[in-house]
Amino acid sequence: MAHADGGTAPLLRSCAAPSPRRNMFAFLCATLASMTTILMAYNLSLMSGAELFIREDLGLSDTQTELLVGCINVYMLVSVVAAGWAGDLLGRRATLVLANALLMAGALGMALGRSYAALMAALFVTSLGCGFVRVVAPVYNAEISPASSRGVLSALLDMFVNLGILLGYVSSYAFFCMPVHLGWRVMYAVGVLPPMLLAAAVLAVPESPQWLAMRGRHGEAHAVLLRTSDTPAEAGRRLEEIKQAAAKAPHTAGDGESGGVWSELIVRPSASVRRVLVCVVGLQFFVHAVGTEAVLMYSPLVFRNAGMATNGAALGATVAVGAVKTCFVLVATLLSDRACRRPLLLTSAAGVAAALVSIALTLRASVPAASSSSQLACVASVLAFVAAFSVGLGPMIATYTVEILPIRLRAQGSSLGMVVNRATSALVGMTFISLASWITMAGCFFLYAGAAVAACVFVYLRVPEPRGHGRLVRQVTDGRLCMYLGQ
């Protein structure tokens, strides 16, 4: 494949290369932006434990509980679709500040809610903030990071997401001894203050250089790139690449209108864009089709089904799930710039499939008075699932999505991928209890295992490795994405 200067791009490069020094200012910016996801993940994971008490406190049916757990993903479709537009119009930084304000209001609404309708309304507000964060934060991290450490800095996002999940599980366990009508409200009240502090922190970081350049503010963009690149020469190269990419779509770069972008993505996509979209949409579908929502949101229910007699024991095991997930995300962070994306995704999907089969088998062997060994086997299988998921499918999907999308299509393309992501998550979350009553809970996990096998096949056949040696060395020239198959 030819470069813009007429040279020939190498098709394959080694995945092992010496790591250059890290840019600490870029690390600080990416860290502060990533921290905005903590409260989002806290609110999402809190429902896994809170629903046990909300159901008892408000007398909810199984159907109402499923809707309460899954509705936030349906609601997020609204903000996910709007997030690309907001990120282009307001800027990445301002959109993250707005997201924190919505998350604070949603947490307050949940803590004060007195009825099922009030909780659904509060979850709608929360979902708006969650959607903005899930789309814009990965875009900001990728755009602020130098190529040499984009994998590590983008993986920070998933690390903080998992920290938020762990904090949600810990909060559920810490407050479960309180009176039923009070404990779950305190869980949500804890999440009211942090977003104000995080919003103030985000205001201290610079705007994305891509957004500044697309607005014609090239001097400001270059100043940011000088602070966030490994060398001044790299800052110049990055600015030229951004200018070239923006010049290909002048009707979308400066006026905040995204109609031309959506047309290029959906109505008249080129062959290369179509290929990228297949990767993005497929990966965003499989990341939740493997039952991620069932494990993360219903793990206390799964453990009770495996024979655990009390909510306290089930919630304690759920804390272990969050801890293991967070630890293995750290492993993924260390591997992200040293290993190629595609092998990590393949290994992760295969491990997830094996763990799901193990979960299904342990649940099938369990009875209400199951032995402690069968309960431990179920917990171990769930831990194996989150470990396998967290070293590849979990942290790599958002990073990979941003890496392979051309700059001019990045915000809206990420929104499109997140629509598929949230829709699949909602489908799993809103059907798990009903599906388990129909085909048994073990049957559900056998079904998810089949989806994991399909994910392996999809990655092997359709997902290329971004050009470079583990870290992103992607170049967009003449509107084309330079990549190799890595096979």
# chains A, B, ... in the order shown; residues from 1 in each chain; ligands from 1
call {"tool": "residues_around", "arguments": {"residues": "range 130-133 of chain A", "least_positions_apart": "4", "cutoff": "8 Å", "atoms": "only C-alpha atoms", "output": "JSON, numbers by chain"}}
result
{"A": [36, 37, 40, 76, 77, 78, 79, 80, 82, 83, 95, 96, 99, 103, 126, 137]}
call {"tool": "write_last_selection", "arguments": {"atoms": "C-alpha atoms", "output": "PDB file, in the first residue's frame"}}
result
ATOM      1  CA  THR A  36     -14.833  10.460  34.304  1.00  0.00           C
ATOM      2  CA  THR A  37     -15.869   6.859  33.643  1.00  0.00           C
ATOM      3  CA  MET A  40     -20.579   5.878  35.100  1.00  0.00           C
ATOM      4  CA  MET A  76     -28.169   5.271  26.389  1.00  0.00           C
ATOM      5  CA  LEU A  77     -29.001   4.861  22.724  1.00  0.00           C
ATOM      6  CA  VAL A  78     -30.254   8.458  22.777  1.00  0.00           C
ATOM      7  CA  SER A  79     -27.044   9.931  24.162  1.00  0.00           C
ATOM      8  CA  VAL A  80     -24.802   7.562  22.205  1.00  0.00           C
ATOM      9  CA  ALA A  82     -26.018  12.392  20.073  1.00  0.00           C
ATOM     10  CA  ALA A  83     -22.531  12.005  21.578  1.00  0.00           C
ATOM     11  CA  THR A  95     -18.939  17.110  26.453  1.00  0.00           C
ATOM     12  CA  LEU A  96     -17.180  15.238  29.268  1.00  0.00           C
ATOM     13  CA  ALA A  99     -21.594  14.096  31.133  1.00  0.00           C
ATOM     14  CA  LEU A 103     -24.244  11.605  36.180  1.00  0.00           C
ATOM     15  CA  THR A 126     -27.869   8.825  34.262  1.00  0.00           C
ATOM     16  CA  ALA A 137     -13.740   9.627  26.479  1.00  0.00           C
TER      17      ALA A 137
END
call {"tool": "select_by_dssp", "arguments": {"residues": "range 194-227 of chain A", "states": "alpha helix (DSSP H)", "output": "list in words"}}
result
Pro194, Pro195, Met196, Leu197, Leu198, Ala199, Ala200, Ala201, Val202, Pro209, Gln210, Trp211, Leu212, Ala213, Met214, His218, Gly219, Glu220, Ala221, His222, Ala223, Val224, Leu225, Leu226 and Arg227 of chain A
call {"tool": "write_last_selection", "arguments": {"atoms": "N, CA, C and O atoms", "output": "JSON list (two decimals), in the first residue's frame"}}
result
[["chain", "number", "residue", "atom", "x", "y", "z"],
["A", 194, "PRO", "N", -18.58, 13.06, 43.74],
["A", 194, "PRO", "CA", -17.38, 12.91, 42.88],
["A", 194, "PRO", "C", -17.47, 13.55, 41.50],
["A", 194, "PRO", "O", -16.45, 14.09, 41.03],
["A", 195, "PRO", "N", -18.62, 13.51, 40.79],
["A", 195, "PRO", "CA", -18.60, 14.10, 39.44],
["A", 195, "PRO", "C", -18.31, 15.59, 39.40],
["A", 195, "PRO", "O", -17.77, 16.09, 38.41],
["A", 196, "MET", "N", -18.66, 16.32, 40.46],
["A", 196, "MET", "CA", -18.32, 17.75, 40.48],
["A", 196, "MET", "C", -16.81, 17.93, 40.49],
["A", 196, "MET", "O", -16.26, 18.79, 39.80],
["A", 197, "LEU", "N", -16.11, 17.11, 41.30],
["A", 197, "LEU", "CA", -14.66, 17.21, 41.36],
["A", 197, "LEU", "C", -14.02, 16.79, 40.05],
["A", 197, "LEU", "O", -13.07, 17.41, 39.58],
["A", 198, "LEU", "N", -14.56, 15.74, 39.44],
["A", 198, "LEU", "CA", -14.01, 15.27, 38.17],
["A", 198, "LEU", "C", -14.24, 16.27, 37.05],
["A", 198, "LEU", "O", -13.38, 16.46, 36.19],
["A", 199, "ALA", "N", -15.41, 16.92, 37.05],
["A", 199, "ALA", "CA", -15.68, 17.94, 36.03],
["A", 199, "ALA", "C", -14.68, 19.08, 36.12],
["A", 199, "ALA", "O", -14.18, 19.58, 35.11],
["A", 200, "ALA", "N", -14.37, 19.50, 37.36],
["A", 200, "ALA", "CA", -13.38, 20.57, 37.54],
["A", 200, "ALA", "C", -12.00, 20.12, 37.04],
["A", 200, "ALA", "O", -11.25, 20.90, 36.44],
["A", 201, "ALA", "N", -11.66, 18.85, 37.28],
["A", 201, "ALA", "CA", -10.37, 18.34, 36.83],
["A", 201, "ALA", "C", -10.29, 18.30, 35.31],
["A", 201, "ALA", "O", -9.25, 18.63, 34.72],
["A", 202, "VAL", "N", -11.38, 17.91, 34.65],
["A", 202, "VAL", "CA", -11.38, 17.84, 33.19],
["A", 202, "VAL", "C", -11.19, 19.22, 32.58],
["A", 202, "VAL", "O", -10.56, 19.37, 31.54],
["A", 209, "PRO", "N", -6.45, 18.00, 20.17],
["A", 209, "PRO", "CA", -5.83, 18.72, 19.04],
["A", 209, "PRO", "C", -6.58, 18.48, 17.73],
["A", 209, "PRO", "O", -6.62, 19.37, 16.87],
["A", 210, "GLN", "N", -7.18, 17.29, 17.57],
["A", 210, "GLN", "CA", -7.95, 17.03, 16.35],
["A", 210, "GLN", "C", -9.14, 17.97, 16.25],
["A", 210, "GLN", "O", -9.42, 18.52, 15.19],
["A", 211, "TRP", "N", -9.85, 18.16, 17.37],
["A", 211, "TRP", "CA", -11.03, 19.04, 17.35],
["A", 211, "TRP", "C", -10.60, 20.48, 17.07],
["A", 211, "TRP", "O", -11.25, 21.19, 16.30],
["A", 212, "LEU", "N", -9.50, 20.92, 17.69],
["A", 212, "LEU", "CA", -9.01, 22.28, 17.46],
["A", 212, "LEU", "C", -8.63, 22.49, 15.99],
["A", 212, "LEU", "O", -8.97, 23.51, 15.39],
["A", 213, "ALA", "N", -7.93, 21.50, 15.42],
["A", 213, "ALA", "CA", -7.52, 21.64, 14.02],
["A", 213, "ALA", "C", -8.72, 21.61, 13.09],
["A", 213, "ALA", "O", -8.76, 22.35, 12.09],
["A", 214, "MET", "N", -9.71, 20.78, 13.37],
["A", 214, "MET", "CA", -10.90, 20.71, 12.53],
["A", 214, "MET", "C", -11.69, 22.02, 12.60],
["A", 214, "MET", "O", -12.47, 22.32, 11.70],
["A", 218, "HIS", "N", -5.29, 25.94, 14.21],
["A", 218, "HIS", "CA", -4.10, 25.13, 14.04],
["A", 218, "HIS", "C", -2.99, 25.50, 15.01],
["A", 218, "HIS", "O", -2.22, 24.63, 15.44],
["A", 219, "GLY", "N", -2.90, 26.77, 15.36],
["A", 219, "GLY", "CA", -1.87, 27.17, 16.32],
["A", 219, "GLY", "C", -2.10, 26.54, 17.68],
["A", 219, "GLY", "O", -1.16, 26.02, 18.31],
["A", 220, "GLU", "N", -3.34, 26.56, 18.16],
["A", 220, "GLU", "CA", -3.66, 25.93, 19.44],
["A", 220, "GLU", "C", -3.46, 24.42, 19.37],
["A", 220, "GLU", "O", -2.96, 23.80, 20.32],
["A", 221, "ALA", "N", -3.84, 23.83, 18.23],
["A", 221, "ALA", "CA", -3.67, 22.39, 18.07],
["A", 221, "ALA", "C", -2.19, 22.02, 18.14],
["A", 221, "ALA", "O", -1.81, 21.04, 18.79],
["A", 222, "HIS", "N", -1.35, 22.81, 17.47],
["A", 222, "HIS", "CA", 0.09, 22.51, 17.48],
["A", 222, "HIS", "C", 0.68, 22.67, 18.87],
["A", 222, "HIS", "O", 1.54, 21.88, 19.29],
["A", 223, "ALA", "N", 0.19, 23.66, 19.62],
["A", 223, "ALA", "CA", 0.68, 23.86, 20.99],
["A", 223, "ALA", "C", 0.34, 22.65, 21.86],
["A", 223, "ALA", "O", 1.16, 22.20, 22.67],
["A", 224, "VAL", "N", -0.86, 22.11, 21.70],
["A", 224, "VAL", "CA", -1.25, 20.91, 22.46],
["A", 224, "VAL", "C", -0.41, 19.72, 22.03],
["A", 224, "VAL", "O", 0.06, 18.94, 22.87],
["A", 225, "LEU", "N", -0.21, 19.58, 20.71],
["A", 225, "LEU", "CA", 0.57, 18.45, 20.21],
["A", 225, "LEU", "C", 2.02, 18.50, 20.69],
["A", 225, "LEU", "O", 2.63, 17.45, 20.95],
["A", 226, "LEU", "N", 2.59, 19.68, 20.81],
["A", 226, "LEU", "CA", 3.95, 19.81, 21.32],
["A", 226, "LEU", "C", 4.06, 19.29, 22.75],
["A", 226, "LEU", "O", 5.08, 18.73, 23.15],
["A", 227, "ARG", "N", 2.98, 19.47, 23.52],
["A", 227, "ARG", "CA", 3.00, 19.02, 24.92],
["A", 227, "ARG", "C", 2.65, 17.54, 25.06],
["A", 227, "ARG", "O", 2.98, 16.94, 26.08]]
call {"tool": "closest_residue", "arguments": {"among": "A:Leu405, A:Ala204, A:Leu301, A:Ala355", "to": "Ile433 in chain A", "atoms": "only C-alpha atoms"}}
result
A:Leu301
call {"tool": "residues_around", "arguments": {"residues": "Ala454 in chain A", "least_positions_apart": "3", "cutoff": "12 Å", "atoms": "only C-alpha atoms", "output": "ChimeraX atom specification"}}
result
/A:282-283,285-287,289-290,346,349-350,352-353,447-451,457-462
call {"tool": "write_last_selection", "arguments": {"atoms": "C-alpha atoms", "output": "mmCIF file, in the first residue's frame"}}
result
data_model
loop_
_atom_site.group_PDB
_atom_site.id
_atom_site.type_symbol
_atom_site.label_atom_id
_atom_site.label_comp_id
_atom_site.auth_asym_id
_atom_site.auth_seq_id
_atom_site.Cartn_x
_atom_site.Cartn_y
_atom_site.Cartn_z
ATOM 1 C CA GLY A 282 -19.136 -6.840 14.762
ATOM 2 C CA LEU A 283 -16.807 -6.351 17.706
ATOM 3 C CA PHE A 285 -21.936 -6.666 19.099
ATOM 4 C CA PHE A 286 -19.892 -9.614 20.340
ATOM 5 C CA VAL A 287 -18.489 -7.811 23.378
ATOM 6 C CA ALA A 289 -23.441 -11.026 23.036
ATOM 7 C CA VAL A 290 -21.125 -13.298 25.053
ATOM 8 C CA LEU A 346 -8.566 -14.234 19.724
ATOM 9 C CA ALA A 349 -12.654 -14.844 23.013
ATOM 10 C CA ALA A 350 -11.450 -18.449 23.296
ATOM 11 C CA VAL A 352 -14.421 -16.542 27.430
ATOM 12 C CA ALA A 353 -16.019 -19.442 25.526
ATOM 13 C CA LEU A 447 -26.067 -19.914 24.540
ATOM 14 C CA TYR A 448 -23.555 -17.203 25.434
ATOM 15 C CA ALA A 449 -20.725 -19.722 24.930
ATOM 16 C CA GLY A 450 -21.957 -20.260 21.369
ATOM 17 C CA ALA A 451 -21.772 -16.497 20.814
ATOM 18 C CA VAL A 457 -14.487 -17.025 14.115
ATOM 19 C CA PHE A 458 -15.338 -13.377 13.393
ATOM 20 C CA VAL A 459 -12.029 -12.078 14.764
ATOM 21 C CA TYR A 460 -10.070 -14.690 12.835
ATOM 22 C CA LEU A 461 -11.803 -14.038 9.518
ATOM 23 C CA ARG A 462 -12.735 -10.349 9.553
#
call {"tool": "atom_distance", "arguments": {"atom1": "CA of Ala121 in chain A", "atom2": "CA of Leu203 in chain A"}}
result
28.3 Å
call {"tool": "closest_residue", "arguments": {"among": "A:Thr231, A:Asn305, A:Gln64, A:Asn162", "to": "Ala365 in chain A", "atoms": "only C-alpha atoms"}}
result
A:Asn305
call {"tool": "atom_distance", "arguments": {"atom1": "CA of Ser263 in chain A", "atom2": "CA of Gln244 in chain A"}}
result
19.8 Å
call {"tool": "residues_around", "arguments": {"residues": "Val125 in chain A", "least_positions_apart": "6", "cutoff": "9 Å", "atoms": "only C-alpha atoms", "output": "ChimeraX atom specification"}}
result
/A:75,102-103,105-107,109
call {"tool": "write_last_selection", "arguments": {"atoms": "all heavy atoms", "output": "mmCIF file, in the first residue's frame"}}
result
data_model
loop_
_atom_site.group_PDB
_atom_site.id
_atom_site.type_symbol
_atom_site.label_atom_id
_atom_site.label_comp_id
_atom_site.auth_asym_id
_atom_site.auth_seq_id
_atom_site.Cartn_x
_atom_site.Cartn_y
_atom_site.Cartn_z
ATOM 1 N N TYR A 75 -31.909 3.513 27.145
ATOM 2 C CA TYR A 75 -31.857 4.974 27.237
ATOM 3 C C TYR A 75 -30.552 5.522 26.659
ATOM 4 O O TYR A 75 -30.528 6.604 26.054
ATOM 5 C CB TYR A 75 -31.964 5.417 28.698
ATOM 6 C CG TYR A 75 -33.300 5.175 29.354
ATOM 7 C CD1 TYR A 75 -33.394 5.070 30.745
ATOM 8 C CD2 TYR A 75 -34.464 5.072 28.608
ATOM 9 C CE1 TYR A 75 -34.616 4.868 31.368
ATOM 10 C CE2 TYR A 75 -35.686 4.863 29.218
ATOM 11 C CZ TYR A 75 -35.760 4.765 30.605
ATOM 12 O OH TYR A 75 -36.973 4.560 31.210
ATOM 13 N N LEU A 102 -24.636 15.360 34.310
ATOM 14 C CA LEU A 102 -25.777 14.456 34.172
ATOM 15 C C LEU A 102 -25.656 13.259 35.110
ATOM 16 O O LEU A 102 -26.655 12.811 35.700
ATOM 17 C CB LEU A 102 -25.888 13.984 32.730
ATOM 18 C CG LEU A 102 -26.276 15.058 31.704
ATOM 19 C CD1 LEU A 102 -26.055 14.551 30.280
ATOM 20 C CD2 LEU A 102 -27.733 15.477 31.893
ATOM 21 N N LEU A 103 -24.451 12.736 35.278
ATOM 22 C CA LEU A 103 -24.244 11.605 36.180
ATOM 23 C C LEU A 103 -24.531 11.997 37.626
ATOM 24 O O LEU A 103 -25.105 11.210 38.391
ATOM 25 C CB LEU A 103 -22.818 11.082 36.045
ATOM 26 C CG LEU A 103 -22.500 10.348 34.736
ATOM 27 C CD1 LEU A 103 -21.002 10.096 34.618
ATOM 28 C CD2 LEU A 103 -23.265 9.043 34.651
ATOM 29 N N ALA A 105 -26.642 14.390 38.610
ATOM 30 C CA ALA A 105 -28.094 14.546 38.738
ATOM 31 C C ALA A 105 -28.794 13.191 38.774
ATOM 32 O O ALA A 105 -29.748 12.992 39.545
ATOM 33 C CB ALA A 105 -28.621 15.384 37.571
ATOM 34 N N GLY A 106 -28.331 12.236 37.978
ATOM 35 C CA GLY A 106 -28.942 10.916 37.975
ATOM 36 C C GLY A 106 -28.752 10.185 39.280
ATOM 37 O O GLY A 106 -29.684 9.531 39.778
ATOM 38 N N ALA A 107 -27.548 10.254 39.856
ATOM 39 C CA ALA A 107 -27.297 9.607 41.148
ATOM 40 C C ALA A 107 -28.170 10.203 42.239
ATOM 41 O O ALA A 107 -28.713 9.484 43.094
ATOM 42 C CB ALA A 107 -25.815 9.738 41.510
ATOM 43 N N GLY A 109 -31.099 11.655 41.791
ATOM 44 C CA GLY A 109 -32.457 11.215 41.527
ATOM 45 C C GLY A 109 -32.711 9.798 42.006
ATOM 46 O O GLY A 109 -33.783 9.480 42.541
#
